[in-house]
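Take a look at the structure below.
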Protein chains: 2
Amino acid sequence: MPRRKVNINRVFHALGDATRRAIVEKLSEGPISVSRLAKPLDITLAAVLQHVQILEESGLVHTEKTGRVRTCRMEPAGLSAAEQWIGDRRLFWEQRLDRLGDLLAEPDED
Amino acid sequence: MPRRKVNINRVFHALGDATRRAIVEKLSEGPISVSRLAKPLDITLAAVLQHVQILEESGLVHTEKTGRVRTCRMEPAGLSAAEQWIGDRRLFWEQRLDRLGDLLAEPDED
DNA sequence: TGGATACTTAAGTCAGTACTTGACTAATAG
DNA sequence: CTATTAGTCAAGTACTGACTTAAGTATCCA
């Protein structure tokens with residue numbers, strides 16, 4: 001159950017940034033703190049936090065603070081929403097090709 | 001075979017814009033001219049053209065000019081690349097859950 | 001208690017992006 | 001041939017978005 005409603009608009013916007021995709025890649029290996037997320041990235045902790053917030057608002061990521069550490073984890077529903085949007089497009093595309101194929105396959109020569 | 005190399009970075013960036021996703025939605029129903037693409041959108045033709053160019057550079061869309069009409073069509077490889085990136089993330093996520101499940105499932109077996 | 005750690009917040013900078021306008025070219029219909 | 005249609009190009013503007021710095025809070029450790 002997602003803790004926050006997924007917004008497809010925000011999800012795609014969030015994934016549009018390479019740094020945020022790098023964060024998602026890291027998070028898909030498992031939960032991790034903000035500062036450990038920041039370590040391999042060449043930007044300040046404050047900047048990483050901003051990215052994390054955007055990811056959280058999109059519904060892709062959930063975070064939780066325990067003591068002074070904020071732990072980030074994937075919220076798979078966000079990615080699923082994006083995947084489904086893409087899948088829907090492919091569905092349209094394939095249905096269209098099917099109809100096209102039907103037309104071309106018509107055995108109506110004489 | 002894609003006419004242009006797909007760049008995952010550009011693909012996600014292109015999909016990050018709502019207007020461009022609307023264009024992709026329209027194109028997934030079938031090829032269409034730039035001006036017909038522009039009609040339902042509340043922006044100028046020039047702006048639409050700019051979006052189409054970005055989509056083309058990302059490898060999501062292919063366009064071709066015949067006479068004075070430029071026809072745009074989907075290039076499915078672009079969407080597939082994005083879908084695969086997402087799928088890969090989910091794979092990592094699920095593998096992690098599996099390992100976690102294994103640990104939790106058998107406290108005193110063997 | 002005091003210093004280090006892990007964020008958090010606010011403000012500001014700067015580049016990139018979406019969009020417009022206006023002038024232009026090329027194809028096509030009357 | 002002329003008018004219209006369809007797109008193209010080049011500036012220019014306004015806004016957004018990524019990033020930084022700097023100062024602040026809360027927690028943890030010795």
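Labels used: A, B, ... for chains in the order of the structure tokens, numbers from 1 for residues in each chain, and numbers from 1 for ligands as shown.
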Skipping near chain neighbours, those fewer than 5 positions away, what residues fall within 12 Å of DT17 of chain C using only C-alpha atoms (C1' of nucleotides), listed as number ranges by chain? B: 13-14, 16-17, 47, 50-51, 54; D: 13-17
Go ahead and dump the residues you just picked, N, CA and C atoms (P, O5', C5', C4', C3', O3' and C1' of nucleotides), as a compact mmCIF listing (two decimals), in the first residue's frame.
```txt
# COMPACT_ATOMS: atom_id res chain seq x y z
N HIS B 13 14.14 12.38 -20.17
CA HIS B 13 13.98 13.83 -20.15
C HIS B 13 12.79 14.23 -21.03
N ALA B 14 12.69 13.62 -22.21
CA ALA B 14 11.60 13.94 -23.13
C ALA B 14 10.25 13.60 -22.50
N GLY B 16 9.53 13.58 -19.47
CA GLY B 16 9.30 14.36 -18.26
C GLY B 16 8.39 15.55 -18.48
N ASP B 17 8.11 15.87 -19.72
CA ASP B 17 7.25 17.01 -20.02
C ASP B 17 5.85 16.54 -20.42
N ALA B 47 6.04 25.92 -31.23
CA ALA B 47 6.33 25.25 -29.97
C ALA B 47 6.18 23.74 -30.12
N GLN B 50 9.12 22.27 -31.78
CA GLN B 50 10.25 22.14 -30.86
C GLN B 50 10.13 20.86 -30.04
N HIS B 51 8.92 20.58 -29.57
CA HIS B 51 8.71 19.35 -28.81
C HIS B 51 8.98 18.12 -29.68
N ILE B 54 12.62 17.49 -30.02
CA ILE B 54 13.19 16.88 -28.82
C ILE B 54 12.85 15.39 -28.78
P DT D 13 13.92 40.48 -24.77
O5' DT D 13 12.79 39.70 -23.95
C5' DT D 13 11.48 39.54 -24.50
C4' DT D 13 10.69 38.60 -23.61
C3' DT D 13 10.99 38.79 -22.12
O3' DT D 13 9.76 38.69 -21.41
C1' DT D 13 11.34 36.55 -22.73
P DA D 14 9.61 39.29 -19.97
O5' DA D 14 8.76 38.16 -19.24
C5' DA D 14 8.04 37.19 -20.00
C4' DA D 14 8.03 35.90 -19.23
C3' DA D 14 8.24 36.05 -17.73
O3' DA D 14 7.29 35.22 -17.09
C1' DA D 14 9.84 34.57 -18.58
P DC D 15 7.12 35.19 -15.54
O5' DC D 15 7.45 33.66 -15.26
C5' DC D 15 7.00 32.69 -16.22
C4' DC D 15 7.79 31.42 -16.03
C3' DC D 15 7.95 31.02 -14.56
O3' DC D 15 7.35 29.74 -14.45
C1' DC D 15 10.03 30.90 -15.71
P DT D 16 7.12 29.10 -12.98
O5' DT D 16 8.16 27.92 -13.15
C5' DT D 16 8.34 27.34 -14.45
C4' DT D 16 9.50 26.35 -14.42
C3' DT D 16 9.67 25.61 -13.09
O3' DT D 16 9.74 24.24 -13.42
C1' DT D 16 11.71 26.64 -13.74
P DG D 17 10.00 23.09 -12.40
O5' DG D 17 11.54 22.72 -12.49
C5' DG D 17 12.28 22.84 -13.70
C4' DG D 17 13.72 22.57 -13.34
C3' DG D 17 13.89 21.74 -12.06
O3' DG D 17 14.99 20.89 -12.25
C1' DG D 17 14.91 23.84 -11.76
```
Where does DSSP see strand (DSSP E or B) in chain B, if you list the residues as a VMD selection string? chain B and resid 32 to 33 61 to 66 69 to 74
Same residues, C-alpha atoms, output as a short mmCIF file (atom, residue, chain, number, x, y, z; two decimals), in the first residue's frame:
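Written out: out_5.cif:
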```cif
data_model
loop_
_atom_site.label_atom_id
_atom_site.label_comp_id
_atom_site.auth_asym_id
_atom_site.auth_seq_id
_atom_site.Cartn_x
_atom_site.Cartn_y
_atom_site.Cartn_z
CA ILE B 32 0.00 12.23 -37.82
CA SER B 33 1.19 15.58 -39.15
CA VAL B 61 9.73 9.52 -32.59
CA HIS B 62 10.64 9.49 -36.24
CA THR B 63 9.49 12.14 -38.70
CA GLU B 64 9.52 12.41 -42.43
CA LYS B 65 8.57 15.24 -44.74
CA THR B 66 6.58 14.68 -47.91
CA VAL B 69 3.65 17.98 -44.61
CA ARG B 70 5.88 16.49 -41.93
CA THR B 71 4.47 13.21 -40.65
CA CYS B 72 5.41 12.00 -37.17
CA ARG B 73 5.28 8.41 -36.02
CA MET B 74 6.33 6.49 -32.91
#
```
Pick out the closest residue to chain B from this set: A:Arg99, A:Gly67, A:Leu55, A:Ser80. Count only C-alpha atoms.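 Between A:Arg99, A:Gly67, A:Leu55, A:Ser80, the residue approaching chain B most closely is A:Ser80.
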Where does chain A end up after superposition onto chain B over all in-order Cα pairs? Give it as a PDB file with C-alpha atoms, in the first residue's frame.
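Writing done, so here's part06.pdb:
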```pdb
ATOM      1  CA  MET A   1      15.356  -0.811 -37.083  1.00  0.00           C
ATOM      2  CA  PRO A   2      15.569   2.578 -35.387  1.00  0.00           C
ATOM      3  CA  ARG A   3      16.639   5.379 -37.626  1.00  0.00           C
ATOM      4  CA  ARG A   4      18.365   7.102 -34.711  1.00  0.00           C
ATOM      5  CA  LYS A   5      20.177   5.758 -31.724  1.00  0.00           C
ATOM      6  CA  VAL A   6      18.063   5.738 -28.583  1.00  0.00           C
ATOM      7  CA  ASN A   7      19.483   7.661 -25.652  1.00  0.00           C
ATOM      8  CA  ILE A   8      17.905   6.644 -22.354  1.00  0.00           C
ATOM      9  CA  ASN A   9      18.807   9.973 -20.824  1.00  0.00           C
ATOM     10  CA  ARG A  10      17.027  11.923 -23.526  1.00  0.00           C
ATOM     11  CA  VAL A  11      14.113   9.507 -23.560  1.00  0.00           C
ATOM     12  CA  PHE A  12      13.316  10.036 -19.896  1.00  0.00           C
ATOM     13  CA  HIS A  13      13.888  13.745 -20.183  1.00  0.00           C
ATOM     14  CA  ALA A  14      11.513  13.868 -23.143  1.00  0.00           C
ATOM     15  CA  LEU A  15       8.855  11.884 -21.282  1.00  0.00           C
ATOM     16  CA  GLY A  16       9.214  14.164 -18.274  1.00  0.00           C
ATOM     17  CA  ASP A  17       7.117  16.837 -19.990  1.00  0.00           C
ATOM     18  CA  ALA A  18       3.335  16.449 -19.974  1.00  0.00           C
ATOM     19  CA  THR A  19       2.872  18.047 -23.390  1.00  0.00           C
ATOM     20  CA  ARG A  20       5.355  15.660 -24.952  1.00  0.00           C
ATOM     21  CA  ARG A  21       3.645  12.702 -23.311  1.00  0.00           C
ATOM     22  CA  ALA A  22       0.385  13.946 -24.803  1.00  0.00           C
ATOM     23  CA  ILE A  23       2.093  14.003 -28.188  1.00  0.00           C
ATOM     24  CA  VAL A  24       3.362  10.458 -27.682  1.00  0.00           C
ATOM     25  CA  GLU A  25      -0.136   9.363 -26.679  1.00  0.00           C
ATOM     26  CA  LYS A  26      -1.518  10.820 -29.883  1.00  0.00           C
ATOM     27  CA  LEU A  27       1.246   9.324 -31.994  1.00  0.00           C
ATOM     28  CA  SER A  28       0.722   5.876 -30.539  1.00  0.00           C
ATOM     29  CA  GLU A  29      -2.657   5.905 -32.287  1.00  0.00           C
ATOM     30  CA  GLY A  30      -0.914   6.418 -35.608  1.00  0.00           C
ATOM     31  CA  PRO A  31       1.151   8.837 -37.708  1.00  0.00           C
ATOM     32  CA  ILE A  32      -0.007  12.427 -37.904  1.00  0.00           C
ATOM     33  CA  SER A  33       1.174  15.825 -39.153  1.00  0.00           C
ATOM     34  CA  VAL A  34       2.666  18.515 -36.921  1.00  0.00           C
ATOM     35  CA  SER A  35      -0.269  20.877 -37.390  1.00  0.00           C
ATOM     36  CA  ARG A  36      -2.819  18.183 -36.552  1.00  0.00           C
ATOM     37  CA  LEU A  37      -0.756  17.359 -33.471  1.00  0.00           C
ATOM     38  CA  ALA A  38      -0.886  21.023 -32.526  1.00  0.00           C
ATOM     39  CA  LYS A  39      -4.632  21.439 -32.881  1.00  0.00           C
ATOM     40  CA  PRO A  40      -5.756  20.064 -29.472  1.00  0.00           C
ATOM     41  CA  LEU A  41      -2.756  21.577 -27.671  1.00  0.00           C
ATOM     42  CA  ASP A  42      -2.991  25.109 -26.340  1.00  0.00           C
ATOM     43  CA  ILE A  43       0.366  26.246 -27.668  1.00  0.00           C
ATOM     44  CA  THR A  44       1.718  27.638 -30.931  1.00  0.00           C
ATOM     45  CA  LEU A  45       2.807  25.481 -33.834  1.00  0.00           C
ATOM     46  CA  ALA A  46       6.386  26.602 -33.259  1.00  0.00           C
ATOM     47  CA  ALA A  47       6.264  25.271 -29.701  1.00  0.00           C
ATOM     48  CA  VAL A  48       4.856  21.943 -30.894  1.00  0.00           C
ATOM     49  CA  LEU A  49       7.632  21.685 -33.430  1.00  0.00           C
ATOM     50  CA  GLN A  50      10.187  22.189 -30.678  1.00  0.00           C
ATOM     51  CA  HIS A  51       8.634  19.347 -28.700  1.00  0.00           C
ATOM     52  CA  VAL A  52       8.629  17.137 -31.768  1.00  0.00           C
ATOM     53  CA  GLN A  53      12.298  17.879 -32.326  1.00  0.00           C
ATOM     54  CA  ILE A  54      13.119  16.914 -28.743  1.00  0.00           C
ATOM     55  CA  LEU A  55      11.134  13.697 -29.156  1.00  0.00           C
ATOM     56  CA  GLU A  56      12.967  12.985 -32.381  1.00  0.00           C
ATOM     57  CA  GLU A  57      16.394  13.622 -30.852  1.00  0.00           C
ATOM     58  CA  SER A  58      15.529  11.228 -28.042  1.00  0.00           C
ATOM     59  CA  GLY A  59      14.714   8.525 -30.568  1.00  0.00           C
ATOM     60  CA  LEU A  60      11.087   8.235 -29.469  1.00  0.00           C
ATOM     61  CA  VAL A  61       9.712   9.654 -32.684  1.00  0.00           C
ATOM     62  CA  HIS A  62      10.624   9.701 -36.346  1.00  0.00           C
ATOM     63  CA  THR A  63       9.483  12.412 -38.730  1.00  0.00           C
ATOM     64  CA  GLU A  64       9.532  12.749 -42.453  1.00  0.00           C
ATOM     65  CA  LYS A  65       8.607  15.628 -44.702  1.00  0.00           C
ATOM     66  CA  THR A  66       6.619  15.164 -47.868  1.00  0.00           C
ATOM     67  CA  GLY A  67       5.667  18.306 -49.705  1.00  0.00           C
ATOM     68  CA  ARG A  68       4.961  20.897 -47.061  1.00  0.00           C
ATOM     69  CA  VAL A  69       3.693  18.384 -44.495  1.00  0.00           C
ATOM     70  CA  ARG A  70       5.907  16.819 -41.851  1.00  0.00           C
ATOM     71  CA  THR A  71       4.486  13.512 -40.695  1.00  0.00           C
ATOM     72  CA  CYS A  72       5.393  12.213 -37.235  1.00  0.00           C
ATOM     73  CA  ARG A  73       5.290   8.598 -36.165  1.00  0.00           C
ATOM     74  CA  MET A  74       6.322   6.602 -33.102  1.00  0.00           C
ATOM     75  CA  GLU A  75       9.673   4.877 -32.993  1.00  0.00           C
ATOM     76  CA  PRO A  76       8.831   2.035 -30.610  1.00  0.00           C
ATOM     77  CA  ALA A  77      12.457   1.352 -29.701  1.00  0.00           C
ATOM     78  CA  GLY A  78      12.522   4.536 -27.633  1.00  0.00           C
ATOM     79  CA  LEU A  79       9.671   3.473 -25.383  1.00  0.00           C
ATOM     80  CA  SER A  80      11.119  -0.012 -25.155  1.00  0.00           C
ATOM     81  CA  ALA A  81      14.365   1.392 -23.811  1.00  0.00           C
ATOM     82  CA  ALA A  82      12.518   3.234 -21.063  1.00  0.00           C
ATOM     83  CA  GLU A  83      10.410   0.202 -20.304  1.00  0.00           C
ATOM     84  CA  GLN A  84      13.501  -1.927 -20.018  1.00  0.00           C
ATOM     85  CA  TRP A  85      15.222   0.467 -17.651  1.00  0.00           C
ATOM     86  CA  ILE A  86      12.191   0.300 -15.394  1.00  0.00           C
ATOM     87  CA  GLY A  87      12.025  -3.468 -15.747  1.00  0.00           C
ATOM     88  CA  ASP A  88      15.674  -3.744 -14.751  1.00  0.00           C
ATOM     89  CA  ARG A  89      15.010  -1.762 -11.585  1.00  0.00           C
ATOM     90  CA  ARG A  90      12.105  -4.024 -10.741  1.00  0.00           C
ATOM     91  CA  LEU A  91      14.310  -7.039 -11.338  1.00  0.00           C
ATOM     92  CA  PHE A  92      16.846  -5.825  -8.770  1.00  0.00           C
ATOM     93  CA  TRP A  93      14.034  -5.074  -6.391  1.00  0.00           C
ATOM     94  CA  GLU A  94      12.484  -8.502  -6.736  1.00  0.00           C
ATOM     95  CA  GLN A  95      15.793 -10.341  -6.496  1.00  0.00           C
ATOM     96  CA  ARG A  96      16.449  -8.514  -3.278  1.00  0.00           C
ATOM     97  CA  LEU A  97      13.048  -9.491  -1.905  1.00  0.00           C
ATOM     98  CA  ASP A  98      13.760 -13.089  -2.872  1.00  0.00           C
ATOM     99  CA  ARG A  99      17.024 -13.136  -0.938  1.00  0.00           C
ATOM    100  CA  LEU A 100      15.246 -11.501   1.973  1.00  0.00           C
ATOM    101  CA  GLY A 101      12.522 -14.119   1.811  1.00  0.00           C
ATOM    102  CA  ASP A 102      15.113 -16.899   1.836  1.00  0.00           C
ATOM    103  CA  LEU A 103      16.638 -15.489   4.989  1.00  0.00           C
ATOM    104  CA  LEU A 104      13.313 -15.157   6.732  1.00  0.00           C
ATOM    105  CA  ALA A 105      12.177 -18.613   5.663  1.00  0.00           C
ATOM    106  CA  GLU A 106      15.167 -20.315   7.268  1.00  0.00           C
ATOM    107  CA  PRO A 107      13.753 -23.144   9.387  1.00  0.00           C
ATOM    108  CA  ASP A 108      16.520 -22.969  11.983  1.00  0.00           C
ATOM    109  CA  GLU A 109      14.540 -22.806  15.192  1.00  0.00           C
ATOM    110  CA  ASP A 110      15.102 -25.445  17.816  1.00  0.00           C
TER     111      ASP A 110
END
```
Starting from chain D, keep only residues with some atom at most 9 Å from an atom of chain B, counting only C-alpha atoms (C1' of nucleotides), and report them as a PyMOL selection string. chain D and resi 5-8
Show me, as a ChimeraX atom specification, every residue of chain C with an atom at most 12 Å from chain A, counting only C-alpha atoms (C1' of nucleotides). /C:5-10
For atom C1' of DT25 of chain D and atom C1' of DG12 of chain C, quote the distance in Å rounded to one decimal. 21.9 Å
Atom pair atom C1' of DA4 of chain C / atom C1' of DT20 of chain D: separation (Å):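 Separation of atom C1' of DA4 of chain C and atom C1' of DT20 of chain D: 22.9 Å.
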Can you tell me how far atom C1' of DA18 of chain C sits from atom C1' of DT4 of chain D, in Å to one decimal?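 Atom C1' of DT4 of chain D lies 28.8 Å from atom C1' of DA18 of chain C.
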Which of chain A end up as helix (DSSP H, G or I) when DSSP is run on this backbone - answer as a PyMOL selection string? chain A and resi 8-15+18-27+34-38+45-58+76-105
